[in-house]
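Q: Please find final-v4.txt (compact mmCIF, C-alpha atoms) on the next line:
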```
# COMPACT_ATOMS: atom_id res chain seq x y z
CA MET A 1 45.90 57.55 26.34
CA GLU A 2 48.83 57.30 28.74
CA LEU A 3 49.00 53.93 30.49
CA ILE A 4 52.44 54.17 32.03
CA SER A 5 54.79 57.10 31.53
CA GLY A 6 56.27 56.94 28.06
CA VAL A 7 53.93 54.16 26.99
CA ASN A 8 50.90 55.30 25.07
CA LEU A 9 48.39 53.47 23.01
CA LYS A 10 49.81 54.85 19.78
CA ASN A 11 53.23 53.34 20.49
CA LEU A 12 51.68 49.99 21.39
CA MET A 13 49.60 49.91 18.23
CA PHE A 14 52.68 50.78 16.21
CA MET A 15 54.55 47.87 17.79
CA LEU A 16 51.70 45.46 17.14
CA LYS A 17 51.47 46.68 13.56
CA THR A 18 55.20 46.13 13.01
CA GLY A 19 54.93 42.61 14.41
CA LEU A 20 51.85 41.85 12.36
CA ILE A 21 53.59 42.92 9.15
CA VAL A 22 56.54 40.61 9.87
CA THR A 23 54.17 37.70 10.65
CA ILE A 24 52.28 38.26 7.40
CA TYR A 25 55.54 38.60 5.49
CA LEU A 26 56.88 35.35 6.96
CA SER A 27 53.61 33.53 6.23
CA ILE A 28 53.51 34.71 2.63
CA ILE A 29 57.18 33.80 2.07
CA ALA A 30 56.69 30.38 3.65
CA ILE A 31 53.54 29.57 1.70
CA THR A 32 54.62 30.85 -1.73
CA ILE A 33 58.23 29.65 -1.82
CA GLY A 34 57.38 26.57 0.25
CA THR A 35 54.61 25.57 -2.14
CA LEU A 36 56.89 26.07 -5.11
CA VAL A 37 59.77 24.07 -3.64
CA GLY A 38 57.43 21.47 -2.15
CA SER A 39 55.60 20.91 -5.43
CA ILE A 40 58.87 20.43 -7.26
CA ILE A 41 60.12 17.97 -4.62
CA GLY A 42 56.80 16.13 -4.52
CA TRP A 43 56.66 15.90 -8.30
CA ALA A 44 60.32 14.83 -8.48
CA ARG A 45 59.53 12.01 -6.07
CA THR A 46 56.89 10.63 -8.44
CA ILE A 47 59.37 10.29 -11.30
CA ALA A 48 62.58 9.59 -9.33
CA ASN A 49 63.98 6.10 -9.05
CA GLU A 50 63.92 4.28 -5.73
CA PHE A 51 67.37 5.44 -4.63
CA PHE A 52 66.75 9.16 -5.12
CA ASP A 53 63.24 8.80 -3.75
CA SER A 54 64.54 7.32 -0.51
CA ILE A 55 67.15 10.07 -0.17
CA ILE A 56 64.52 12.79 -0.63
CA LEU A 57 62.21 10.94 1.73
CA LEU A 58 64.96 10.81 4.36
CA PHE A 59 65.33 14.62 4.34
CA VAL A 60 61.58 15.17 4.26
CA ASP A 61 61.09 12.77 7.17
CA ILE A 62 63.82 14.41 9.24
CA ILE A 63 62.19 17.81 8.76
CA ARG A 64 58.71 16.48 9.46
CA SER A 65 59.60 14.52 12.57
CA THR A 66 61.62 17.07 14.51
CA PRO A 67 60.00 19.97 16.34
CA LEU A 68 60.13 23.24 14.42
CA ILE A 69 61.59 24.90 17.48
CA ILE A 70 64.68 22.64 17.41
CA GLN A 71 65.11 23.32 13.69
CA LEU A 72 64.94 27.04 14.40
CA LEU A 73 67.46 26.77 17.23
CA ILE A 74 69.80 24.78 14.99
CA ALA A 75 69.38 27.34 12.19
CA TYR A 76 70.15 30.05 14.71
CA HIS A 77 73.42 28.43 15.76
CA LEU A 78 74.47 26.86 12.46
CA PRO A 79 75.68 30.01 10.62
CA GLY A 80 78.11 30.78 13.43
CA PHE A 81 79.30 27.20 13.43
CA LEU A 82 80.00 27.35 9.70
CA GLY A 83 81.50 30.82 10.01
CA ILE A 84 78.97 32.62 7.83
CA ASN A 85 77.00 35.64 8.89
CA ILE A 86 73.31 35.80 8.03
CA SER A 87 70.50 37.63 9.77
CA THR A 88 68.21 35.78 12.16
CA ILE A 89 65.13 36.54 10.12
CA LEU A 90 66.73 35.00 7.04
CA ALA A 91 67.72 31.86 8.96
CA GLY A 92 64.21 31.64 10.39
CA SER A 93 62.60 32.17 7.00
CA ILE A 94 64.72 29.43 5.45
CA VAL A 95 63.64 27.01 8.18
CA ILE A 96 59.92 27.67 7.84
CA VAL A 97 60.15 27.59 4.04
CA LEU A 98 61.85 24.19 4.23
CA TYR A 99 59.37 23.00 6.85
CA PHE A 100 56.42 23.97 4.67
CA ALA A 101 58.11 22.59 1.55
CA ALA A 102 58.63 19.21 3.25
CA ASN A 103 54.98 18.99 4.29
CA CYS A 104 53.81 20.27 0.93
CA SER A 105 55.92 17.73 -0.96
CA GLN A 106 54.22 14.91 0.94
CA VAL A 107 50.82 16.33 0.05
CA VAL A 108 51.73 16.68 -3.63
CA LYS A 109 53.25 13.19 -3.78
CA ALA A 110 50.24 11.62 -2.09
CA GLY A 111 47.88 13.58 -4.34
CA ILE A 112 49.57 12.47 -7.56
CA ASP A 113 49.79 8.89 -6.26
CA SER A 114 46.08 8.91 -5.43
CA VAL A 115 45.28 9.04 -9.16
CA THR A 116 45.17 5.45 -10.42
CA PHE A 117 47.65 4.23 -12.98
CA ASN A 118 44.84 3.53 -15.44
CA GLN A 119 44.28 7.25 -15.81
CA TRP A 120 47.89 7.69 -16.93
CA ARG A 121 47.53 4.86 -19.42
CA ALA A 122 44.24 6.13 -20.77
CA ALA A 123 45.72 9.60 -21.21
CA GLU A 124 48.77 8.12 -22.90
CA SER A 125 46.65 6.11 -25.29
CA LEU A 126 44.84 9.31 -26.26
CA GLY A 127 48.20 10.62 -27.42
CA PHE A 128 48.70 13.18 -24.68
CA SER A 129 52.24 14.32 -23.96
CA TYR A 130 53.55 14.03 -20.38
CA PHE A 131 52.80 17.68 -19.74
CA GLN A 132 49.30 17.36 -21.16
CA GLN A 133 48.61 14.21 -19.12
CA MET A 134 49.65 16.10 -16.00
CA ARG A 135 47.75 19.25 -16.88
CA TYR A 136 44.45 17.83 -18.12
CA ILE A 137 44.10 14.37 -16.55
CA ILE A 138 46.18 13.88 -13.41
CA LEU A 139 46.34 17.24 -11.66
CA PRO A 140 42.61 18.04 -11.77
CA GLN A 141 42.00 14.74 -9.96
CA ALA A 142 45.03 14.96 -7.69
CA TRP A 143 44.05 18.49 -6.70
CA ARG A 144 40.94 17.14 -4.96
CA ALA A 145 42.97 14.85 -2.75
CA MET A 146 45.50 17.60 -2.02
CA ILE A 147 43.20 20.45 -0.98
CA PRO A 148 42.24 19.41 2.58
CA SER A 149 45.74 18.61 3.79
CA TYR A 150 47.35 21.46 1.85
CA THR A 151 45.08 24.09 3.35
CA GLY A 152 45.56 22.48 6.75
CA PHE A 153 49.33 22.80 6.48
CA ALA A 154 49.07 26.34 5.09
CA LEU A 155 46.99 27.39 8.10
CA GLY A 156 49.44 25.53 10.33
CA ILE A 157 52.45 27.41 8.96
CA ILE A 158 50.80 30.79 9.63
CA LYS A 159 50.44 29.74 13.26
CA ASP A 160 53.91 28.20 13.34
CA THR A 161 55.57 31.46 12.28
CA SER A 162 54.95 32.46 15.91
CA LEU A 163 57.79 30.09 16.89
CA ILE A 164 60.31 32.38 15.18
CA SER A 165 59.88 34.70 18.17
CA VAL A 166 61.98 32.18 20.14
CA ILE A 167 65.13 33.02 18.16
CA GLY A 168 64.45 36.73 18.51
CA VAL A 169 62.75 37.83 15.32
CA ILE A 170 60.29 40.57 16.20
CA GLU A 171 57.03 39.25 14.82
CA LEU A 172 53.58 39.33 16.38
CA VAL A 173 54.31 37.18 19.46
CA ARG A 174 57.66 38.83 20.14
CA SER A 175 56.16 42.32 19.80
CA GLY A 176 53.52 41.15 22.27
CA GLN A 177 56.27 40.15 24.69
CA ILE A 178 57.92 43.53 24.30
CA ILE A 179 54.65 45.32 24.95
CA ILE A 180 54.08 43.17 28.05
CA SER A 181 57.53 43.96 29.37
CA ARG A 182 56.55 47.65 29.16
CA THR A 183 52.95 47.63 30.34
CA LEU A 184 53.11 44.60 32.66
CA ASN A 185 49.63 43.32 31.89
CA PRO A 186 49.96 40.02 30.04
CA LEU A 187 46.30 38.93 30.08
CA PRO A 188 44.80 41.50 27.68
CA ILE A 189 47.90 41.53 25.46
CA TRP A 190 47.98 37.75 24.96
CA PHE A 191 44.24 37.83 24.39
CA VAL A 192 44.67 40.48 21.69
CA ILE A 193 47.57 38.59 20.08
CA GLY A 194 45.46 35.42 20.02
CA LEU A 195 42.59 37.42 18.56
CA ILE A 196 44.77 38.82 15.77
CA TYR A 197 45.88 35.31 14.79
CA PHE A 198 42.25 34.23 14.95
CA ILE A 199 41.20 37.09 12.67
CA ILE A 200 43.88 36.04 10.15
CA CYS A 201 43.28 32.29 10.31
CA TRP A 202 39.53 31.97 10.77
CA PRO A 203 38.45 33.38 7.36
CA LEU A 204 41.15 31.26 5.74
CA SER A 205 39.94 28.10 7.47
CA LYS A 206 36.34 28.91 6.47
CA MET A 207 37.55 29.41 2.91
CA SER A 208 39.45 26.15 2.95
CA ARG A 209 36.36 24.30 4.16
CA HIS A 210 34.42 25.85 1.31
CA LEU A 211 37.11 24.72 -1.15
CA GLU A 212 37.02 21.21 0.29
CA LYS A 213 33.25 21.02 -0.17
CA LYS A 214 33.58 22.27 -3.71
CA ALA A 215 36.25 19.67 -4.44
CA GLN A 216 34.15 16.88 -2.95
CA PHE A 217 31.12 17.98 -4.90
CA GLY A 218 32.75 16.99 -8.17
CA GLU A 219 33.29 13.45 -6.95
CA LYS A 220 29.65 12.67 -6.27
CA MET B 1 84.36 16.48 10.26
CA LEU B 2 83.45 20.11 10.90
CA GLY B 3 84.69 19.69 14.47
CA PHE B 4 81.64 18.08 16.00
CA ARG B 5 82.21 16.98 19.60
CA PHE B 6 79.45 14.69 20.78
CA GLN B 7 81.39 13.29 23.75
CA PRO B 8 80.35 15.93 26.35
CA VAL B 9 76.72 15.60 25.29
CA ILE B 10 76.78 11.81 25.45
CA GLN B 11 78.28 12.01 28.94
CA ASN B 12 75.08 13.76 30.01
CA MET B 13 72.87 11.13 28.42
CA SER B 14 70.97 10.36 31.63
CA PHE B 15 70.11 14.05 31.90
CA ILE B 16 68.71 13.98 28.37
CA LEU B 17 66.91 10.67 28.89
CA GLU B 18 65.07 12.17 31.87
CA GLY B 19 63.93 14.87 29.47
CA VAL B 20 62.63 12.20 27.10
CA GLY B 21 60.57 10.86 30.02
CA VAL B 22 59.14 14.30 30.81
CA THR B 23 58.34 14.94 27.15
CA PHE B 24 56.73 11.53 26.89
CA SER B 25 54.63 11.99 30.03
CA LEU B 26 53.49 15.42 28.84
CA SER B 27 52.51 14.28 25.37
CA VAL B 28 50.83 11.04 26.48
CA LEU B 29 48.84 12.71 29.28
CA GLY B 30 47.96 15.66 27.07
CA PHE B 31 46.88 13.37 24.26
CA LEU B 32 44.81 10.97 26.39
CA ILE B 33 43.00 13.62 28.45
CA GLY B 34 42.62 15.80 25.36
CA SER B 35 41.06 12.93 23.38
CA PHE B 36 38.71 12.18 26.27
CA ILE B 37 37.52 15.79 26.32
CA GLY B 38 37.48 15.77 22.52
CA ILE B 39 34.86 12.97 22.55
CA PHE B 40 32.47 15.17 24.52
CA ILE B 41 33.14 18.16 22.29
CA ALA B 42 32.56 16.05 19.18
CA PHE B 43 29.17 14.95 20.55
CA GLY B 44 28.48 18.50 21.72
CA ARG B 45 29.01 19.72 18.17
CA ARG B 46 26.27 17.36 16.96
CA SER B 47 23.89 18.00 19.85
CA HIS B 48 20.42 19.47 19.28
CA THR B 49 20.87 22.09 22.02
CA PRO B 50 22.04 25.28 20.26
CA LEU B 51 24.07 26.48 23.25
CA LEU B 52 26.09 23.25 23.42
CA ARG B 53 26.53 23.19 19.66
CA TYR B 54 27.72 26.78 19.36
CA SER B 55 29.99 26.68 22.40
CA SER B 56 31.77 23.51 21.26
CA SER B 57 32.06 24.92 17.77
CA ALA B 58 33.51 28.15 19.17
CA PHE B 59 36.00 26.16 21.26
CA ILE B 60 37.16 24.19 18.23
CA GLU B 61 37.54 27.29 16.07
CA ALA B 62 39.38 29.17 18.82
CA VAL B 63 41.84 26.33 19.38
CA ARG B 64 42.44 25.58 15.72
CA ASN B 65 42.96 29.18 14.61
CA THR B 66 45.41 30.44 17.24
CA PRO B 67 49.05 29.38 17.61
CA PHE B 68 49.98 26.85 20.26
CA LEU B 69 52.74 29.17 21.47
CA VAL B 70 50.14 31.81 22.36
CA HIS B 71 48.17 29.18 24.33
CA VAL B 72 51.31 28.27 26.27
CA TYR B 73 52.10 31.89 27.04
CA PHE B 74 48.47 32.52 27.91
CA PHE B 75 48.28 29.76 30.50
CA TYR B 76 51.68 30.43 31.98
CA PHE B 77 51.95 34.23 31.95
CA ALA B 78 48.54 35.73 31.31
CA LEU B 79 46.59 33.79 33.93
CA GLY B 80 49.07 34.95 36.56
CA GLU B 81 47.66 38.44 36.24
CA ILE B 82 44.32 37.37 37.69
CA GLY B 83 46.02 35.36 40.45
CA VAL B 84 45.94 31.91 38.83
CA ASN B 85 49.52 30.72 39.16
CA ILE B 86 50.07 27.45 37.33
CA PRO B 87 53.45 25.68 37.49
CA SER B 88 55.13 25.54 34.10
CA TYR B 89 54.66 21.76 33.70
CA PHE B 90 50.91 22.00 34.24
CA ALA B 91 50.60 25.15 32.14
CA LEU B 92 52.11 23.26 29.21
CA LEU B 93 49.99 20.20 30.01
CA ILE B 94 46.78 22.26 30.01
CA ALA B 95 47.77 23.88 26.73
CA LEU B 96 48.47 20.43 25.25
CA ILE B 97 45.16 19.05 26.55
CA ILE B 98 43.24 21.93 25.00
CA MET B 99 45.12 21.69 21.71
CA ASN B 100 44.55 17.94 21.53
CA ALA B 101 40.89 18.31 22.51
CA GLY B 102 40.34 20.79 19.68
CA TYR B 103 42.00 18.66 17.02
CA MET B 104 40.84 15.25 18.28
CA SER B 105 37.20 16.36 18.43
CA GLU B 106 37.28 16.96 14.68
CA ILE B 107 38.92 13.56 14.10
CA ILE B 108 36.36 11.86 16.35
CA ARG B 109 33.54 13.71 14.62
CA GLY B 110 34.74 12.20 11.36
CA GLY B 111 34.52 8.80 13.08
CA ILE B 112 30.99 9.41 14.37
CA GLU B 113 29.83 10.36 10.90
CA VAL B 114 30.82 6.91 9.65
CA ILE B 115 28.20 5.23 11.87
CA LYS B 116 25.09 4.48 9.85
CA THR B 117 21.74 3.82 11.49
CA GLU B 118 20.81 1.37 8.72
CA GLN B 119 23.71 -0.85 9.69
CA ILE B 120 22.69 -0.83 13.35
CA LYS B 121 19.10 -1.63 12.42
CA SER B 122 20.08 -4.51 10.18
CA ALA B 123 22.37 -5.82 12.93
CA GLU B 124 19.41 -5.71 15.30
CA ALA B 125 17.33 -7.55 12.74
CA LEU B 126 20.01 -10.24 12.61
CA GLY B 127 19.56 -10.68 16.37
CA LEU B 128 22.91 -9.34 17.55
CA SER B 129 23.09 -8.22 21.16
CA SER B 130 23.90 -4.59 21.92
CA PHE B 131 27.45 -5.56 22.90
CA GLN B 132 27.88 -7.49 19.66
CA ILE B 133 26.55 -4.54 17.67
CA LYS B 134 29.15 -2.30 19.30
CA ARG B 135 31.94 -4.84 18.90
CA TYR B 136 31.30 -5.89 15.30
CA ILE B 137 29.24 -3.15 13.66
CA ILE B 138 30.02 0.23 15.22
CA ILE B 139 33.59 0.12 16.53
CA PRO B 140 35.57 -1.37 13.57
CA PRO B 141 34.70 1.24 10.91
CA VAL B 142 35.00 4.05 13.45
CA LEU B 143 38.46 2.90 14.50
CA ARG B 144 39.40 2.56 10.85
CA VAL B 145 38.69 6.27 10.37
CA VAL B 146 39.84 7.54 13.75
CA LEU B 147 43.00 5.60 14.57
CA PRO B 148 45.47 6.68 11.83
CA PRO B 149 44.85 10.44 12.20
CA SER B 150 44.85 10.03 15.99
CA LEU B 151 48.35 8.59 15.93
CA ASN B 152 49.34 11.45 13.65
CA GLN B 153 47.88 13.85 16.19
CA PHE B 154 49.84 12.09 18.92
CA ALA B 155 53.02 12.74 16.96
CA ILE B 156 52.03 16.40 16.64
CA SER B 157 51.35 16.55 20.37
CA PHE B 158 54.75 14.99 20.98
CA LEU B 159 56.49 17.58 18.81
CA SER B 160 54.43 20.42 20.30
CA SER B 161 55.54 19.57 23.84
CA SER B 162 58.96 20.93 22.78
CA LEU B 163 57.52 24.40 23.40
CA GLY B 164 58.17 23.73 27.07
CA VAL B 165 61.56 25.29 26.39
CA VAL B 166 60.04 28.79 26.28
CA ILE B 167 58.43 28.55 29.73
CA GLY B 168 61.06 26.38 31.40
CA VAL B 169 59.47 22.94 31.54
CA LYS B 170 62.34 20.50 31.98
CA GLU B 171 61.58 18.45 28.88
CA LEU B 172 63.85 17.26 26.08
CA THR B 173 64.32 20.55 24.23
CA TRP B 174 64.82 22.48 27.45
CA ARG B 175 67.52 20.04 28.50
CA ALA B 176 69.25 20.32 25.12
CA ASP B 177 69.10 24.09 25.50
CA PHE B 178 70.45 23.83 29.04
CA LEU B 179 73.35 21.61 27.91
CA GLN B 180 74.31 23.96 25.11
CA ALA B 181 74.31 26.87 27.54
CA ARG B 182 76.71 24.90 29.75
CA ASN B 183 79.20 23.46 27.31
CA PHE B 184 78.64 25.73 24.27
CA LEU B 185 78.10 22.67 22.08
CA SER B 186 74.89 24.07 20.64
CA LEU B 187 74.54 22.03 17.45
CA GLU B 188 75.54 18.76 19.09
CA SER B 189 73.03 19.16 21.92
CA TYR B 190 70.18 20.04 19.59
CA LEU B 191 71.05 17.26 17.15
CA VAL B 192 70.98 14.66 19.95
CA ALA B 193 67.58 15.95 21.07
CA ALA B 194 66.36 15.94 17.47
CA ALA B 195 67.46 12.31 17.13
CA PHE B 196 65.25 11.32 20.06
CA TYR B 197 62.28 13.16 18.56
CA ILE B 198 62.85 11.47 15.20
CA ILE B 199 63.03 8.01 16.78
CA ILE B 200 59.81 8.38 18.76
CA VAL B 201 57.85 10.06 15.95
CA LYS B 202 59.06 7.38 13.52
CA ILE B 203 57.85 4.64 15.86
CA THR B 204 54.45 6.32 16.20
CA LEU B 205 53.99 6.90 12.48
CA SER B 206 55.11 3.42 11.49
CA THR B 207 52.67 1.97 14.03
CA SER B 208 50.00 4.04 12.31
CA ARG B 209 51.03 2.73 8.91
CA PHE B 210 51.18 -0.85 10.24
CA ILE B 211 47.66 -0.57 11.65
CA ASP B 212 46.44 0.92 8.41
CA LYS B 213 47.87 -1.93 6.37
CA LYS B 214 47.49 -5.02 8.57
CA VAL B 215 44.65 -4.49 11.01
CA PHE B 216 42.21 -2.75 8.69
CA LYS B 217 42.59 -4.81 5.58
CA TYR B 218 39.25 -3.73 4.20
CA LYS B 219 38.75 -0.35 2.65
CA LEU B 220 35.88 1.76 3.92
CA THR B 221 33.96 1.28 0.72
CA ASP B 222 34.09 -2.49 1.22
CA ILE B 223 32.33 -2.40 4.56
```
What's the structure tokens form of this structure?
A:
Amino acid sequence: MELISGVNLKNLMFMLKTGLIVTIYLSIIAITIGTLVGSIIGWARTIANEFFDSIILLFVDIIRSTPLIIQLLIAYHLPGFLGINISTILAGSIVIVLYFAANCSQVVKAGIDSVTFNQWRAAESLGFSYFQQMRYIILPQAWRAMIPSYTGFALGIIKDTSLISVIGVIELVRSGQIIISRTLNPLPIWFVIGLIYFIICWPLSKMSRHLEKKAQFGEK
Amino acid sequence: MLGFRFQPVIQNMSFILEGVGVTFSLSVLGFLIGSFIGIFIAFGRRSHTPLLRYSSSAFIEAVRNTPFLVHVYFFYFALGEIGVNIPSYFALLIALIIMNAGYMSEIIRGGIEVIKTEQIKSAEALGLSSFQIKRYIIIPPVLRVVLPPSLNQFAISFLSSSLGVVIGVKELTWRADFLQARNFLSLESYLVAAAFYIIIVKITLSTSRFIDKKVFKYKLTDI
């Protein structure tokens, strides 16, 4: 189907597909590496002394209380300022990984803190090692407190990957912009882009609600 | 150190401060109007009319599962195609209102679920007037549940208004971007803007924590 000369549906679908793959790639990178880094930071905060804890908290707070778009713009300009040369997509990925890690660390810290100290003591008196206490006593309980906010942030980061389009990485939103600049009909394109995000996020949010219910069920 | 030059940015402080005002007006208006609409959506979600229930549910799911950036582009660029031309400030404001309405309705729904009919009945049995029931029985536990996440949502709304930079709303991020395009001091401009965001978000979140600790001394289970 030829819409405008040189622009056919096949090309548009190809462009959307390319963008979609980059969005999915960025989301997976952000969630996997971010969860890993965030869990380590969150766990480190529970055993760190007050000084180190406040230093980690300072960085986490700075990341959490500035808009992602400013972080991305800074990451876009910073390599040139320092005289190193990295690709935009790498700079963007680092920012969203750090952003997710910061949020995730707060979730993990709050989850571990939500388990009362008596549980630690009881586990200790049963002769459990630190690892065993974590594995069998603390984490199963902390997990319940973590699930709702963790899944919320994970869904949020999938949507926030769209911001990377601002620094020029061709992901779903940017490919949408490119298509619009060719076909000049923004309404259906933005609708389709929104729909694609919806198709990705909606099952995940349904799943997270199911997980939440399952986690709450154990408490009653 | 590293050759930072903040002087040219600080000279344009009034320019940046105006941006803080625009950002603030956007996020406060978006949050307040959005919360107001969110109340109706929260009640709509619990209504017995299927049409109301499904449409408010669909609205919430649509808002929560699509990126805010797409909303902004949709209201600014896409609606132009059918002849609805919205100035960039109002396009961002509408996007913020809708985003806040979607998220606040869920927060408010959590608050409504705290209200228990038994408590209202026992308050009536104690002879409290309807105003007293609202003042002492219904409002305090609802606020306890609703207020902290609402302030969190306000902070999110505040940070989200930074997307004005992509459609040319003259808010804080746009002004930082404008300054860096003028004097090539990219990092300095963005860092100054980031400092303003941090200050305001910090104030909001510590208010939330203060309210959580001092105003609501009783845990929900104690009520």
Q: Select residues of chain A: the criterion is any atom within 8 Å of an atom of chain B, counting only C-alpha atoms; output as an mmCIF file with C-alpha atoms, in the coordinates of the input.
A:
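Here's the written file part_26.cif:
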```
data_model
loop_
_atom_site.group_PDB
_atom_site.id
_atom_site.type_symbol
_atom_site.label_atom_id
_atom_site.label_comp_id
_atom_site.auth_asym_id
_atom_site.auth_seq_id
_atom_site.Cartn_x
_atom_site.Cartn_y
_atom_site.Cartn_z
ATOM 1 C CA ILE A 62 63.820 14.410 9.240
ATOM 2 C CA SER A 65 59.600 14.520 12.570
ATOM 3 C CA THR A 66 61.620 17.070 14.510
ATOM 4 C CA PRO A 67 60.000 19.970 16.340
ATOM 5 C CA ILE A 69 61.590 24.900 17.480
ATOM 6 C CA ILE A 70 64.680 22.640 17.410
ATOM 7 C CA LEU A 73 67.460 26.770 17.230
ATOM 8 C CA ILE A 74 69.800 24.780 14.990
ATOM 9 C CA HIS A 77 73.420 28.430 15.760
ATOM 10 C CA LEU A 78 74.470 26.860 12.460
ATOM 11 C CA LEU A 155 46.990 27.390 8.100
ATOM 12 C CA LYS A 159 50.440 29.740 13.260
ATOM 13 C CA ASP A 160 53.910 28.200 13.340
ATOM 14 C CA SER A 162 54.950 32.460 15.910
ATOM 15 C CA LEU A 163 57.790 30.090 16.890
ATOM 16 C CA VAL A 166 61.980 32.180 20.140
ATOM 17 C CA VAL A 173 54.310 37.180 19.460
ATOM 18 C CA ASN A 185 49.630 43.320 31.890
ATOM 19 C CA PRO A 186 49.960 40.020 30.040
ATOM 20 C CA LEU A 187 46.300 38.930 30.080
ATOM 21 C CA PRO A 188 44.800 41.500 27.680
ATOM 22 C CA TRP A 190 47.980 37.750 24.960
ATOM 23 C CA PHE A 191 44.240 37.830 24.390
ATOM 24 C CA ILE A 193 47.570 38.590 20.080
ATOM 25 C CA GLY A 194 45.460 35.420 20.020
ATOM 26 C CA LEU A 195 42.590 37.420 18.560
ATOM 27 C CA TYR A 197 45.880 35.310 14.790
ATOM 28 C CA PHE A 198 42.250 34.230 14.950
ATOM 29 C CA CYS A 201 43.280 32.290 10.310
ATOM 30 C CA TRP A 202 39.530 31.970 10.770
ATOM 31 C CA SER A 205 39.940 28.100 7.470
#
```
Q: In Å, rounded to a single decimal, give me how far CA of Ser157 (chain B) is from CA of Leu96 (chain B).
A: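 Interatomic distance here is 6.9 Å.
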Q: Calculated over all atoms listed in the file, which of the candidates A:Gln106, A:Ile31, A:Lys17, A:Tyr99 has the smallest distance to Ile56 (chain A)?
A: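 Comparing A:Gln106, A:Ile31, A:Lys17, A:Tyr99 against Ile56 (chain A), the winner is A:Gln106.
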Q: Record the distance separating CA of Gln71 (chain A) and CA of Met146 (chain A), expressed in Å with one decimal.
A: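 CA of Met146 (chain A) lies at a distance of 25.8 Å from CA of Gln71 (chain A).
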Q: What's around region 41-43 of chain B at 12 Å? Count all atoms listed in the file, leave out sequence neighbours fewer than 5 positions away in its own chain, and write the answer as a ChimeraX atom specification.
A: /B:34-36,48-49,52-61,98,100-113
Q: Would you save the residues from that selection as a compact mmCIF listing (two decimals), keeping the file's coordinate frame, using C-alpha atoms?
A:
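Below is the file out-v3.txt, written as the result:
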```
# COMPACT_ATOMS: atom_id res chain seq x y z
CA GLY B 34 42.62 15.80 25.36
CA SER B 35 41.06 12.93 23.38
CA PHE B 36 38.71 12.18 26.27
CA HIS B 48 20.42 19.47 19.28
CA THR B 49 20.87 22.09 22.02
CA LEU B 52 26.09 23.25 23.42
CA ARG B 53 26.53 23.19 19.66
CA TYR B 54 27.72 26.78 19.36
CA SER B 55 29.99 26.68 22.40
CA SER B 56 31.77 23.51 21.26
CA SER B 57 32.06 24.92 17.77
CA ALA B 58 33.51 28.15 19.17
CA PHE B 59 36.00 26.16 21.26
CA ILE B 60 37.16 24.19 18.23
CA GLU B 61 37.54 27.29 16.07
CA ILE B 98 43.24 21.93 25.00
CA ASN B 100 44.55 17.94 21.53
CA ALA B 101 40.89 18.31 22.51
CA GLY B 102 40.34 20.79 19.68
CA TYR B 103 42.00 18.66 17.02
CA MET B 104 40.84 15.25 18.28
CA SER B 105 37.20 16.36 18.43
CA GLU B 106 37.28 16.96 14.68
CA ILE B 107 38.92 13.56 14.10
CA ILE B 108 36.36 11.86 16.35
CA ARG B 109 33.54 13.71 14.62
CA GLY B 110 34.74 12.20 11.36
CA GLY B 111 34.52 8.80 13.08
CA ILE B 112 30.99 9.41 14.37
CA GLU B 113 29.83 10.36 10.90
```
Q: List every protein, DNA or RNA residue that has at least one atom no more than 10 Å from (46.2, 17.5, -0.1) in the file's coordinates, counting all atoms listed in the file, and write the result as a ChimeraX atom specification.
A: /A:103-112,142-153,212
Q: Work out how far apart CA of Arg182 (chain B) and CA of Ser87 (chain A) are and give it in Å to one decimal.
A: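 Going from CA of Arg182 (chain B) over to CA of Ser87 (chain A) covers 24.5 Å.
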Q: Skip Ile16 (chain B) itself and residues of its chain fewer than 5 positions away, then list as a list of chain:residue names all residues within 9 Å of it, counting all atoms listed in the file.
A: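 Close residues of Ile16 (chain B): B:Val9, B:Ile10, B:Gly21, B:Glu171, B:Leu172, B:Thr173, B:Arg175, B:Ala176, B:Leu179, B:Val192, B:Ala193.
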Q: I'd like to know which of B:Ile139, B:Ile133, B:Phe154, B:Arg5 is closest to Leu29 (chain B), using all atoms listed in the file.
A: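 So, comparing all the options, the nearest one is B:Phe154.
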Q: Set the distance at 12 Å and use all atoms listed in the file: which residues neighbour Arg121 (chain A) once local chain neighbours fewer than 3 positions away are removed? I'd like the list as a list of chain:residue names.
A: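 Residues meeting the cut-off are A:Val115, A:Thr116, A:Phe117, A:Asn118, A:Glu124, A:Ser125, A:Leu126, A:Gly127, A:Phe128, A:Ser129, A:Tyr130, A:Gln133, A:Met134, A:Ile137, A:Ile138.
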Q: Between A:Ile158, A:Leu204, A:Ala101, A:Leu72, which is the closest to Ile41 (chain A) once you count all atoms listed in the file?
A: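 The closest residue to Ile41 (chain A) is A:Ala101.
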Q: Return the single residue from B:Thr23, B:Gln180, B:Thr117, B:Ser206 that is closest to Ile138 (chain B), with distances computed using all atoms listed in the file.
A: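 Distance minimum relative to Ile138 (chain B) lands on B:Thr117.
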